[in-house]
>>> print(open('data_9.csv').read())   # CSV, C-alpha atoms
chain,number,residue,atom,x,y,z
S,221,MET,CA,238.9,-28.2,68.5
S,222,LYS,CA,240.4,-31.6,67.8
S,223,LEU,CA,238.9,-34.8,69.0
S,224,GLY,CA,240.6,-38.1,69.7
S,225,THR,CA,239.8,-41.3,71.7
S,226,GLY,CA,241.3,-44.3,73.4
S,227,LEU,CA,243.0,-45.0,75.8
S,228,PHE,CA,243.8,-48.6,74.9
S,229,THR,CA,244.7,-50.6,78.0
S,230,CYS,CA,243.9,-54.2,76.8
S,231,GLN,CA,242.8,-55.2,80.2
S,232,GLN,CA,241.0,-58.5,80.9
S,233,ARG,CA,238.0,-58.2,83.1
S,234,PRO,CA,237.1,-61.3,85.2
S,235,ASP,CA,234.1,-61.9,83.0
S,236,ASP,CA,236.1,-61.7,79.7
S,237,ASP,CA,237.3,-65.1,78.5
S,238,ARG,CA,239.1,-63.7,75.4
S,239,SER,CA,242.8,-64.4,74.9
S,240,GLY,CA,245.4,-61.7,75.0
S,241,SER,CA,245.8,-61.9,71.2
S,242,GLU,CA,242.1,-61.2,70.8
S,243,ARG,CA,242.2,-58.2,73.1
S,244,TYR,CA,245.2,-56.7,71.2
S,245,GLU,CA,243.4,-57.4,67.9
S,246,GLU,CA,240.5,-55.4,69.3
S,247,MET,CA,242.9,-52.5,69.9
S,248,LEU,CA,243.9,-52.6,66.2
S,249,THR,CA,240.3,-52.9,65.1
S,250,LEU,CA,239.4,-49.8,67.1
S,251,ALA,CA,242.5,-47.9,65.8
S,252,ARG,CA,241.5,-48.6,62.2
S,253,ALA,CA,237.9,-47.4,63.1
S,254,ILE,CA,239.3,-44.2,64.6
S,255,ASP,CA,241.3,-43.6,61.4
S,256,ASP,CA,238.4,-44.4,59.1
S,257,ALA,CA,236.0,-42.2,61.2
S,258,GLY,CA,238.2,-39.1,60.6
S,259,LEU,CA,238.9,-38.5,64.2
S,260,ASP,CA,242.2,-36.8,65.1
S,261,SER,CA,244.0,-39.1,67.4
S,262,ALA,CA,244.2,-42.5,69.2
S,263,TRP,CA,246.1,-43.2,72.4
S,264,VAL,CA,247.5,-46.0,74.6
S,265,SER,CA,248.2,-46.1,78.3
S,266,GLU,CA,250.7,-47.9,80.5
S,267,HIS,CA,251.0,-49.8,83.8
S,268,HIS,CA,253.0,-52.8,84.9
S,269,PHE,CA,252.6,-56.1,86.8
S,270,ALA,CA,248.8,-55.8,86.7
S,271,GLU,CA,246.8,-59.0,87.3
S,272,ASP,CA,244.4,-58.0,84.5
S,273,ASP,CA,247.2,-57.5,81.9
S,274,TYR,CA,247.0,-53.7,81.8
S,275,LEU,CA,249.0,-52.7,78.7
S,276,SER,CA,252.7,-52.4,79.5
S,277,GLY,CA,254.3,-52.4,76.1
S,278,VAL,CA,253.7,-48.9,74.9
S,279,THR,CA,256.2,-48.7,72.1
S,280,PRO,CA,255.3,-52.1,70.5
S,281,ALA,CA,251.6,-51.2,70.7
S,282,LEU,CA,252.1,-47.8,69.1
S,283,GLY,CA,254.3,-49.4,66.4
S,284,ALA,CA,251.4,-51.7,65.5
S,285,ILE,CA,248.9,-48.9,65.5
S,286,ALA,CA,251.2,-46.8,63.3
S,287,ALA,CA,251.3,-49.6,60.7
S,288,GLU,CA,247.5,-50.1,60.8
S,289,THR,CA,246.5,-46.4,60.4
S,290,ASP,CA,247.2,-43.6,57.9
S,291,ASP,CA,246.2,-40.2,59.1
S,292,ILE,CA,245.5,-40.0,62.9
S,293,GLU,CA,247.9,-38.7,65.5
S,294,ILE,CA,249.0,-41.6,67.8
S,295,GLY,CA,250.5,-41.3,71.2
S,296,SER,CA,251.1,-42.5,74.7
S,297,CYS,CA,248.9,-41.1,77.4
S,298,ILE,CA,250.9,-41.6,79.5
S,299,ALA,CA,254.3,-43.4,79.3
S,300,LEU,CA,256.0,-43.7,82.7
S,301,ALA,CA,259.3,-41.9,81.9
S,302,PRO,CA,261.3,-42.8,85.0
S,303,LEU,CA,261.0,-46.5,84.2
S,304,TYR,CA,262.6,-46.2,80.8
S,305,ASP,CA,266.1,-46.3,79.6
S,306,PRO,CA,265.9,-42.9,77.8
S,307,VAL,CA,268.3,-43.8,75.0
S,308,ARG,CA,266.2,-46.8,74.1
S,309,LEU,CA,263.0,-44.8,74.4
S,310,ALA,CA,264.5,-42.2,72.0
S,311,GLU,CA,265.3,-45.0,69.5
S,312,ASP,CA,261.9,-46.6,69.8
S,313,ALA,CA,260.0,-43.4,69.6
S,314,ALA,CA,261.9,-42.2,66.5
S,315,THR,CA,261.2,-45.6,64.9
S,316,ILE,CA,257.5,-45.3,65.6
S,317,ASP,CA,257.5,-41.7,64.3
S,318,LEU,CA,259.1,-42.9,61.0
S,319,ILE,CA,256.7,-45.8,60.6
S,320,SER,CA,253.8,-43.4,61.1
S,321,ASP,CA,255.2,-40.7,58.9
S,322,GLY,CA,255.5,-38.1,61.7
S,323,ARG,CA,252.3,-38.9,63.6
S,324,LEU,CA,253.7,-39.7,67.0
S,325,THR,CA,253.2,-37.6,70.2
S,326,LEU,CA,255.1,-38.9,73.1
S,327,GLY,CA,253.2,-38.4,76.4
S,328,LEU,CA,255.2,-38.8,79.6
S,329,ALA,CA,254.6,-38.5,83.3
S,330,ILE,CA,256.5,-39.2,86.5
S,331,GLY,CA,254.4,-42.2,87.6
S,332,SER,CA,253.2,-43.0,91.1
S,333,ASN,CA,252.8,-46.7,91.9
S,334,PRO,CA,255.4,-47.7,94.4
S,335,ARG,CA,255.4,-51.4,93.2
S,336,GLU,CA,256.3,-50.4,89.7
S,337,PHE,CA,259.3,-48.4,90.8
S,338,GLU,CA,260.4,-51.2,93.2
S,339,GLN,CA,260.2,-53.9,90.6
S,340,PHE,CA,262.1,-51.7,88.0
S,341,GLY,CA,264.7,-50.9,90.6
S,342,VAL,CA,264.1,-47.2,90.3
S,343,PRO,CA,264.1,-45.0,93.4
S,344,ARG,CA,260.6,-43.4,93.5
S,345,GLU,CA,262.1,-40.2,95.1
S,346,GLU,CA,264.0,-39.6,91.8
S,347,ARG,CA,261.0,-39.7,89.6
S,348,VAL,CA,260.8,-35.9,88.9
S,349,GLU,CA,264.5,-35.6,88.2
S,350,ARG,CA,264.4,-38.7,85.9
S,351,LEU,CA,261.5,-37.3,83.9
S,352,GLU,CA,263.2,-34.0,83.4
S,353,ASP,CA,266.5,-35.7,82.4
S,354,ALA,CA,264.7,-38.1,80.0
S,355,THR,CA,263.0,-35.1,78.4
S,356,SER,CA,266.3,-33.4,77.8
S,357,LEU,CA,268.0,-36.5,76.6
S,358,LEU,CA,265.1,-37.2,74.1
S,359,ARG,CA,265.5,-33.8,72.6
S,360,ALA,CA,269.2,-34.2,72.3
S,361,ALA,CA,269.0,-37.7,70.8
S,362,TRP,CA,266.6,-36.6,68.1
S,363,SER,CA,268.7,-33.6,67.1
S,364,ASP,CA,271.2,-33.7,64.3
S,365,GLY,CA,274.6,-35.1,65.1
S,366,PRO,CA,276.0,-36.4,68.4
S,367,LEU,CA,274.0,-36.4,71.6
S,368,ASP,CA,276.0,-33.5,73.1
S,369,TYR,CA,274.3,-34.0,76.5
S,370,ASP,CA,275.5,-35.2,79.8
S,371,ALA,CA,272.7,-37.4,81.2
S,372,ASP,CA,272.2,-37.6,84.9
S,373,PHE,CA,270.8,-41.1,85.0
S,374,HIS,CA,272.3,-42.8,82.0
S,375,ASP,CA,276.0,-43.4,81.4
S,376,VAL,CA,276.0,-42.6,77.7
S,377,ASP,CA,278.9,-40.9,75.8
S,378,PRO,CA,277.8,-37.4,74.8
S,379,ASP,CA,279.8,-37.9,71.5
S,380,VAL,CA,277.5,-40.8,70.4
S,381,SER,CA,274.9,-40.2,67.8
S,382,VAL,CA,271.6,-41.9,68.7
S,383,THR,CA,269.8,-43.4,65.7
S,384,PRO,CA,267.4,-43.4,64.0
S,385,LYS,CA,266.5,-39.7,63.8
S,386,PRO,CA,262.9,-38.7,63.3
S,387,ASP,CA,262.3,-36.8,60.1
S,388,GLY,CA,260.8,-33.9,62.1
S,389,ASP,CA,260.2,-32.9,65.7
S,390,VAL,CA,258.4,-35.5,67.9
S,391,PRO,CA,256.1,-33.5,70.2
S,392,ILE,CA,256.5,-34.3,73.9
S,393,MET,CA,253.4,-34.1,76.1
S,394,LEU,CA,253.6,-34.0,79.9
S,395,GLY,CA,250.8,-34.9,82.3
S,396,GLY,CA,249.8,-33.9,85.8
S,397,ALA,CA,247.4,-31.6,87.6
S,398,ALA,CA,249.6,-30.0,90.3
S,399,LYS,CA,251.1,-26.6,89.6
S,400,PRO,CA,254.7,-27.8,89.5
S,401,ALA,CA,253.7,-30.5,86.9
S,402,VAL,CA,251.8,-28.0,84.8
S,403,ARG,CA,254.6,-25.5,84.8
S,404,ARG,CA,257.2,-28.2,84.0
S,405,ALA,CA,255.1,-29.0,80.9
S,406,ALA,CA,255.0,-25.3,80.0
S,407,ARG,CA,258.8,-24.9,80.3
S,408,THR,CA,260.0,-28.2,78.8
S,409,ALA,CA,257.3,-29.8,76.6
S,410,ASP,CA,255.2,-29.1,73.6
S,411,ALA,CA,251.9,-30.0,75.2
S,412,TRP,CA,250.2,-30.6,78.5
S,413,VAL,CA,247.3,-33.1,79.2
S,414,ALA,CA,244.7,-32.4,81.8
S,415,PRO,CA,243.5,-35.4,83.8
S,416,SER,CA,239.9,-36.3,83.6
S,417,LYS,CA,239.2,-35.3,87.3
S,418,LEU,CA,239.7,-31.6,86.5
S,419,SER,CA,236.7,-29.4,85.8
S,420,VAL,CA,236.5,-27.1,82.9
S,421,GLU,CA,237.4,-24.2,85.2
S,422,GLY,CA,240.3,-26.2,86.6
S,423,VAL,CA,241.6,-26.8,83.1
S,424,ARG,CA,241.1,-23.2,82.2
S,425,LYS,CA,243.1,-21.9,85.1
S,426,ARG,CA,246.0,-24.3,84.4
S,427,HIS,CA,245.9,-23.4,80.7
S,428,GLU,CA,246.3,-19.8,81.6
S,429,ASP,CA,249.2,-20.7,83.9
S,430,VAL,CA,250.9,-22.5,81.0
S,431,GLN,CA,250.5,-19.4,78.8
S,432,MET,CA,251.8,-17.1,81.6
S,433,VAL,CA,254.9,-19.3,82.1
S,434,ARG,CA,255.7,-19.5,78.5
S,435,GLU,CA,255.3,-15.8,77.9
S,436,LYS,CA,257.4,-14.9,81.0
S,437,GLU,CA,260.2,-17.2,79.9
S,438,GLY,CA,260.0,-16.1,76.2
S,439,LEU,CA,259.1,-19.6,74.9
S,440,ASP,CA,257.9,-19.6,71.3
S,441,GLY,CA,256.4,-22.3,69.2
S,442,GLU,CA,253.2,-24.3,69.3
S,443,PHE,CA,251.9,-25.6,72.6
S,444,THR,CA,248.8,-27.8,72.8
S,445,THR,CA,246.5,-28.4,75.7
S,446,TYR,CA,244.9,-31.9,75.7
S,447,VAL,CA,242.0,-32.7,77.9
S,448,LEU,CA,241.1,-36.2,79.0
S,449,ARG,CA,237.5,-37.2,79.7
S,450,HIS,CA,235.6,-40.4,79.8
S,451,GLY,CA,232.4,-40.8,77.8
S,452,PHE,CA,230.2,-42.5,75.3
S,453,VAL,CA,227.8,-41.8,72.5
S,454,ALA,CA,224.5,-43.6,72.0
S,455,ASP,CA,220.8,-43.0,71.1
S,456,SER,CA,220.0,-41.7,74.6
S,457,GLU,CA,221.7,-40.5,77.7
S,458,GLU,CA,220.5,-43.6,79.6
S,459,GLU,CA,221.7,-46.0,76.9
S,460,ALA,CA,225.1,-44.4,76.7
S,461,TRP,CA,225.6,-44.5,80.5
S,462,GLU,CA,224.4,-48.1,80.9
S,463,THR,CA,226.7,-49.2,78.1
S,464,MET,CA,229.9,-47.6,79.4
S,465,LYS,CA,229.2,-48.0,83.2
S,466,PRO,CA,230.5,-51.5,83.8
S,467,GLY,CA,233.8,-51.0,82.0
S,468,TYR,CA,234.2,-47.4,83.3
S,469,PHE,CA,233.7,-48.5,87.0
S,470,TYR,CA,236.0,-51.5,86.5
S,471,LEU,CA,238.7,-49.2,85.1
S,472,GLN,CA,238.3,-46.7,87.9
S,473,ARG,CA,238.4,-49.4,90.5
S,474,ARG,CA,241.6,-50.8,89.0
S,475,TYR,CA,243.1,-47.2,89.0
S,476,ALA,CA,242.3,-46.9,92.6
S,477,GLU,CA,244.2,-50.1,93.3
S,478,ILE,CA,247.2,-49.0,91.2
S,479,PHE,CA,247.5,-45.6,92.8
S,480,SER,CA,246.9,-46.7,96.4
S,481,GLY,CA,248.6,-50.1,96.3
S,482,GLU,CA,245.6,-51.6,98.1
S,483,SER,CA,242.8,-53.9,97.0
S,484,VAL,CA,239.5,-52.1,96.1
S,485,ASP,CA,236.6,-54.5,95.8
S,486,GLU,CA,234.0,-51.9,95.1
S,487,LEU,CA,233.7,-48.2,94.6
S,488,ASP,CA,231.4,-46.5,97.1
S,489,ALA,CA,228.2,-44.8,96.1
S,490,GLU,CA,229.7,-41.3,96.5
S,491,ARG,CA,232.6,-42.1,94.2
S,492,LYS,CA,230.4,-43.7,91.6
S,493,GLN,CA,228.2,-40.5,91.5
S,494,GLU,CA,231.3,-38.4,91.2
S,495,LEU,CA,232.5,-40.4,88.3
S,496,LYS,CA,229.2,-40.2,86.6
S,497,GLU,CA,229.2,-36.4,86.9
S,498,GLN,CA,232.7,-36.3,85.4
S,499,ALA,CA,231.8,-38.3,82.3
S,500,VAL,CA,230.6,-37.0,79.0
S,501,PHE,CA,227.9,-39.2,77.6
S,502,GLY,CA,224.5,-39.2,75.8
S,503,THR,CA,223.3,-38.4,72.3
S,504,PRO,CA,225.6,-36.8,69.8
S,505,GLU,CA,223.9,-33.5,70.5
S,506,GLN,CA,224.5,-33.8,74.3
S,507,VAL,CA,228.1,-34.8,73.9
S,508,ARG,CA,228.7,-31.9,71.4
S,509,GLU,CA,227.3,-29.4,73.8
S,510,GLU,CA,229.4,-30.5,76.7
S,511,LEU,CA,232.6,-30.8,74.7
S,512,GLY,CA,231.9,-27.3,73.4
S,513,THR,CA,232.4,-25.9,76.9
S,514,TYR,CA,236.2,-26.6,76.4
S,515,GLY,CA,236.3,-24.7,73.2
S,516,ASP,CA,234.5,-21.8,74.9
S,517,ALA,CA,237.0,-21.9,77.8
S,518,LEU,CA,240.3,-22.6,76.0
S,519,GLY,CA,239.8,-21.6,72.4
S,520,ASP,CA,240.0,-23.6,69.2
S,521,ASP,CA,243.4,-25.1,69.9
S,522,VAL,CA,242.3,-27.5,72.6
S,523,HIS,CA,242.5,-31.3,71.8
S,524,VAL,CA,239.9,-33.4,73.7
S,525,VAL,CA,240.7,-37.1,74.1
S,526,LEU,CA,237.3,-38.7,75.0
S,527,ARG,CA,238.0,-42.1,76.4
S,528,THR,CA,235.5,-44.5,74.9
S,529,TYR,CA,237.6,-47.7,75.3
S,530,TYR,CA,236.3,-49.8,78.2
S,531,PRO,CA,237.7,-53.2,79.2
S,532,GLY,CA,235.2,-55.9,78.4
S,533,LEU,CA,232.7,-53.8,76.4
S,534,ASP,CA,231.5,-55.3,73.2
S,535,THR,CA,233.9,-54.4,70.4
S,536,ASP,CA,231.1,-53.6,67.9
S,537,ALA,CA,229.6,-51.2,70.4
S,538,MET,CA,232.9,-49.3,70.8
S,539,VAL,CA,233.3,-49.2,67.0
S,540,GLU,CA,229.8,-47.8,66.6
S,541,CYS,CA,230.6,-45.1,69.2
S,542,VAL,CA,233.8,-44.2,67.4
S,543,GLU,CA,231.8,-43.9,64.1
S,544,ARG,CA,229.2,-41.6,65.7
S,545,LEU,CA,232.0,-39.5,67.1
S,546,GLY,CA,233.3,-39.1,63.6
S,547,ASP,CA,230.0,-38.5,61.9
S,548,ASP,CA,227.9,-36.6,64.4
S,549,VAL,CA,230.2,-35.0,67.0
S,550,ALA,CA,233.7,-34.1,65.6
S,551,PRO,CA,232.4,-32.0,62.6
S,552,HIS,CA,230.4,-29.8,65.0
S,553,VAL,CA,232.9,-29.0,67.8
>>> encode(input="data_9.csv", output="structure tokens")
Amino acid sequence: MKLGTGLFTCQQRPDDDRSGSERYEEMLTLARAIDDAGLDSAWVSEHHFAEDDYLSGVTPALGAIAAETDDIEIGSCIALAPLYDPVRLAEDAATIDLISDGRLTLGLAIGSNPREFEQFGVPREERVERLEDATSLLRAAWSDGPLDYDADFHDVDPDVSVTPKPDGDVPIMLGGAAKPAVRRAARTADAWVAPSKLSVEGVRKRHEDVQMVREKEGLDGEFTTYVLRHGFVADSEEEAWETMKPGYFYLQRRYAEIFSGESVDELDAERKQELKEQAVFGTPEQVREELGTYGDALGDDVHVVLRTYYPGLDTDAMVECVERLGDDVAPHV
């Protein structure tokens, strides 16, 4: 099993008086800590027009992390593919991959927030088709020679050669829990990421569905299942939960607003309990035990991304958590 962390969002909680520059420096501090700790990966996330400055510049952020780290896989979890000019995305992703010496994984999804689509002038009803077209165009752009692809949503000459070219293949990871999304990943991508709301059994069923689709369609090559969970490591279960809880609940409240388009002043008690049950937190031994259930269910190839970045949480506390993941959790899962 591989173990990574993130997802950097650089949000500003109402009780956080730091500047934007300080919050982005925190992201780089944590990225360096992840690299030094010997973990496998670090990730950024994306949303737009958020009042708390949720990270929107995925490619600049990944470029900065690429320059600050040496060994870890870096990636987007998730970039909102329909909102991008796919030719520019191909160029930017290839540049990041070259800066990082082949460490980029490009995670993509269809998106959902109506306001984001409206402000970008992209019809929301085209989001699935735009994701599929972008995935095909990216593959074509990164291949040797001219594009040789007639894009549905970008008026680009198939005879043009998109540059730069990455030195190797840039893995594409697709997200989503619904069966069409999972099967789309199986057919067209190199990886699928399971959202944090899925149980171990839910991930296992979809993992088997991926394998069935790829075998049925004769698709060879490596395919990775990533699993997102929220969590934290501390000296006790209570300490870990109390440390992560304010930032975790804030993050989930903001997600509820992003996905619903409506203001959410407070999560109700039932939702808070549900979120607590979904999280992986406690001593290193407790976290190892719970993460091990994914290895038991999916095999050694699973890559868990344990989200330990929480807006407004003390930077030193997050660095310490990363170090404990590297020292006391990763070597044993």
>>> atom_distance(input="data_9.csv", atom1="atom CA of S:Val522", atom2="atom CA of S:Thr445")
5.3 Å
>>> residues_around(input="data_9.csv", residues="S:Glu482", least_positions_apart="6", cutoff="12 Å", atoms="all atoms listed in the file", output="list in words")
Asn333, Pro334, Arg335, Arg473, Arg474, Tyr475 and Ala476 of chain S
>>> residues_around(input="data_9.csv", residues="stretch 250-253 of chain S", least_positions_apart="3", cutoff="9 Å", atoms="only C-alpha atoms", output="ChimeraX atom specification")
/S:226,245-247,256-258,262-263,285,288-290,292,529,535,538-540,542-543
>>> residues_around(input="data_9.csv", residues="S:Gly322", least_positions_apart="5", cutoff="8 Å", atoms="only C-alpha atoms", output="list of chain:residue names")
S:Asp317, S:Pro386, S:Asp387, S:Gly388, S:Val390
>>> residues_near_point(input="data_9.csv", point="(259.4, -31.4, 68.6)", cutoff="9 Å", atoms="only C-alpha atoms", output="list of chain:residue names")
S:Thr325, S:Arg359, S:Trp362, S:Gly388, S:Asp389, S:Val390, S:Pro391, S:Ile392, S:Ala409, S:Asp410
>>> build_atoms(input="data_9.csv", residues="stretch 538-549 of chain S", atoms="all heavy atoms", output="PDB file, keeping the file's coordinate frame")
ATOM      1  N   MET S 538     231.836 -50.358  70.744  1.00  0.00           N
ATOM      2  CA  MET S 538     232.900 -49.300  70.800  1.00  0.00           C
ATOM      3  C   MET S 538     233.138 -48.779  69.365  1.00  0.00           C
ATOM      4  O   MET S 538     233.346 -47.575  69.180  1.00  0.00           O
ATOM      5  CB  MET S 538     234.133 -49.848  71.424  1.00  0.00           C
ATOM      6  CG  MET S 538     233.990 -50.059  72.924  1.00  0.00           C
ATOM      7  SD  MET S 538     235.547 -50.400  73.790  1.00  0.00           S
ATOM      8  CE  MET S 538     235.781 -52.139  73.394  1.00  0.00           C
ATOM      9  N   VAL S 539     233.128 -49.651  68.362  1.00  0.00           N
ATOM     10  CA  VAL S 539     233.300 -49.200  67.000  1.00  0.00           C
ATOM     11  C   VAL S 539     232.179 -48.258  66.587  1.00  0.00           C
ATOM     12  O   VAL S 539     232.405 -47.204  65.975  1.00  0.00           O
ATOM     13  CB  VAL S 539     233.375 -50.400  66.016  1.00  0.00           C
ATOM     14  CG1 VAL S 539     233.269 -49.926  64.566  1.00  0.00           C
ATOM     15  CG2 VAL S 539     234.670 -51.179  66.212  1.00  0.00           C
ATOM     16  N   GLU S 540     230.948 -48.623  66.942  1.00  0.00           N
ATOM     17  CA  GLU S 540     229.800 -47.800  66.600  1.00  0.00           C
ATOM     18  C   GLU S 540     229.929 -46.403  67.284  1.00  0.00           C
ATOM     19  O   GLU S 540     229.629 -45.373  66.679  1.00  0.00           O
ATOM     20  CB  GLU S 540     228.504 -48.445  67.036  1.00  0.00           C
ATOM     21  CG  GLU S 540     227.272 -47.629  66.665  1.00  0.00           C
ATOM     22  CD  GLU S 540     225.962 -48.315  67.043  1.00  0.00           C
ATOM     23  OE1 GLU S 540     226.010 -49.469  67.512  1.00  0.00           O
ATOM     24  OE2 GLU S 540     224.898 -47.675  66.863  1.00  0.00           O
ATOM     25  N   CYS S 541     230.383 -46.393  68.527  1.00  0.00           N
ATOM     26  CA  CYS S 541     230.600 -45.100  69.200  1.00  0.00           C
ATOM     27  C   CYS S 541     231.629 -44.278  68.507  1.00  0.00           C
ATOM     28  O   CYS S 541     231.435 -43.069  68.324  1.00  0.00           O
ATOM     29  CB  CYS S 541     231.011 -45.404  70.669  1.00  0.00           C
ATOM     30  SG  CYS S 541     231.389 -43.917  71.626  1.00  0.00           S
ATOM     31  N   VAL S 542     232.728 -44.892  68.098  1.00  0.00           N
ATOM     32  CA  VAL S 542     233.800 -44.200  67.400  1.00  0.00           C
ATOM     33  C   VAL S 542     233.209 -43.582  66.072  1.00  0.00           C
ATOM     34  O   VAL S 542     233.472 -42.425  65.723  1.00  0.00           O
ATOM     35  CB  VAL S 542     234.956 -45.123  67.059  1.00  0.00           C
ATOM     36  CG1 VAL S 542     235.876 -44.523  65.994  1.00  0.00           C
ATOM     37  CG2 VAL S 542     235.741 -45.421  68.325  1.00  0.00           C
ATOM     38  N   GLU S 543     232.409 -44.374  65.353  1.00  0.00           N
ATOM     39  CA  GLU S 543     231.800 -43.900  64.100  1.00  0.00           C
ATOM     40  C   GLU S 543     230.902 -42.712  64.330  1.00  0.00           C
ATOM     41  O   GLU S 543     230.885 -41.749  63.543  1.00  0.00           O
ATOM     42  CB  GLU S 543     231.090 -45.039  63.408  1.00  0.00           C
ATOM     43  CG  GLU S 543     232.027 -46.127  62.892  1.00  0.00           C
ATOM     44  CD  GLU S 543     231.298 -47.361  62.387  1.00  0.00           C
ATOM     45  OE1 GLU S 543     230.084 -47.511  62.693  1.00  0.00           O
ATOM     46  OE2 GLU S 543     231.939 -48.193  61.718  1.00  0.00           O
ATOM     47  N   ARG S 544     230.155 -42.745  65.414  1.00  0.00           N
ATOM     48  CA  ARG S 544     229.200 -41.600  65.700  1.00  0.00           C
ATOM     49  C   ARG S 544     230.023 -40.393  66.148  1.00  0.00           C
ATOM     50  O   ARG S 544     229.613 -39.267  65.850  1.00  0.00           O
ATOM     51  CB  ARG S 544     228.229 -42.056  66.770  1.00  0.00           C
ATOM     52  CG  ARG S 544     227.367 -43.208  66.305  1.00  0.00           C
ATOM     53  CD  ARG S 544     226.248 -43.534  67.262  1.00  0.00           C
ATOM     54  NE  ARG S 544     225.156 -42.546  67.151  1.00  0.00           N
ATOM     55  CZ  ARG S 544     223.947 -42.743  67.664  1.00  0.00           C
ATOM     56  NH1 ARG S 544     223.669 -43.869  68.307  1.00  0.00           N
ATOM     57  NH2 ARG S 544     223.022 -41.828  67.545  1.00  0.00           N
ATOM     58  N   LEU S 545     231.129 -40.596  66.835  1.00  0.00           N
ATOM     59  CA  LEU S 545     232.000 -39.500  67.100  1.00  0.00           C
ATOM     60  C   LEU S 545     232.473 -38.790  65.856  1.00  0.00           C
ATOM     61  O   LEU S 545     232.510 -37.558  65.747  1.00  0.00           O
ATOM     62  CB  LEU S 545     233.183 -39.894  67.989  1.00  0.00           C
ATOM     63  CG  LEU S 545     232.956 -40.184  69.458  1.00  0.00           C
ATOM     64  CD1 LEU S 545     234.238 -40.730  70.094  1.00  0.00           C
ATOM     65  CD2 LEU S 545     232.500 -38.933  70.207  1.00  0.00           C
ATOM     66  N   GLY S 546     232.848 -39.622  64.886  1.00  0.00           N
ATOM     67  CA  GLY S 546     233.300 -39.100  63.600  1.00  0.00           C
ATOM     68  C   GLY S 546     232.268 -38.429  62.793  1.00  0.00           C
ATOM     69  O   GLY S 546     232.502 -37.382  62.171  1.00  0.00           O
ATOM     70  N   ASP S 547     231.089 -39.033  62.755  1.00  0.00           N
ATOM     71  CA  ASP S 547     230.000 -38.500  61.900  1.00  0.00           C
ATOM     72  C   ASP S 547     229.217 -37.393  62.523  1.00  0.00           C
ATOM     73  O   ASP S 547     228.850 -36.426  61.834  1.00  0.00           O
ATOM     74  CB  ASP S 547     229.042 -39.670  61.556  1.00  0.00           C
ATOM     75  CG  ASP S 547     229.643 -40.727  60.641  1.00  0.00           C
ATOM     76  OD1 ASP S 547     230.651 -40.423  59.971  1.00  0.00           O
ATOM     77  OD2 ASP S 547     229.112 -41.856  60.623  1.00  0.00           O
ATOM     78  N   ASP S 548     228.944 -37.509  63.826  1.00  0.00           N
ATOM     79  CA  ASP S 548     227.900 -36.600  64.400  1.00  0.00           C
ATOM     80  C   ASP S 548     228.465 -35.689  65.512  1.00  0.00           C
ATOM     81  O   ASP S 548     227.712 -34.815  65.951  1.00  0.00           O
ATOM     82  CB  ASP S 548     226.829 -37.512  65.067  1.00  0.00           C
ATOM     83  CG  ASP S 548     226.180 -38.439  64.064  1.00  0.00           C
ATOM     84  OD1 ASP S 548     226.045 -38.040  62.901  1.00  0.00           O
ATOM     85  OD2 ASP S 548     225.813 -39.576  64.460  1.00  0.00           O
ATOM     86  N   VAL S 549     229.717 -35.888  65.931  1.00  0.00           N
ATOM     87  CA  VAL S 549     230.200 -35.000  67.000  1.00  0.00           C
ATOM     88  C   VAL S 549     231.404 -34.165  66.478  1.00  0.00           C
ATOM     89  O   VAL S 549     231.339 -32.930  66.524  1.00  0.00           O
ATOM     90  CB  VAL S 549     230.716 -35.856  68.211  1.00  0.00           C
ATOM     91  CG1 VAL S 549     231.338 -34.945  69.273  1.00  0.00           C
ATOM     92  CG2 VAL S 549     229.526 -36.609  68.805  1.00  0.00           C
TER      93      VAL S 549
END
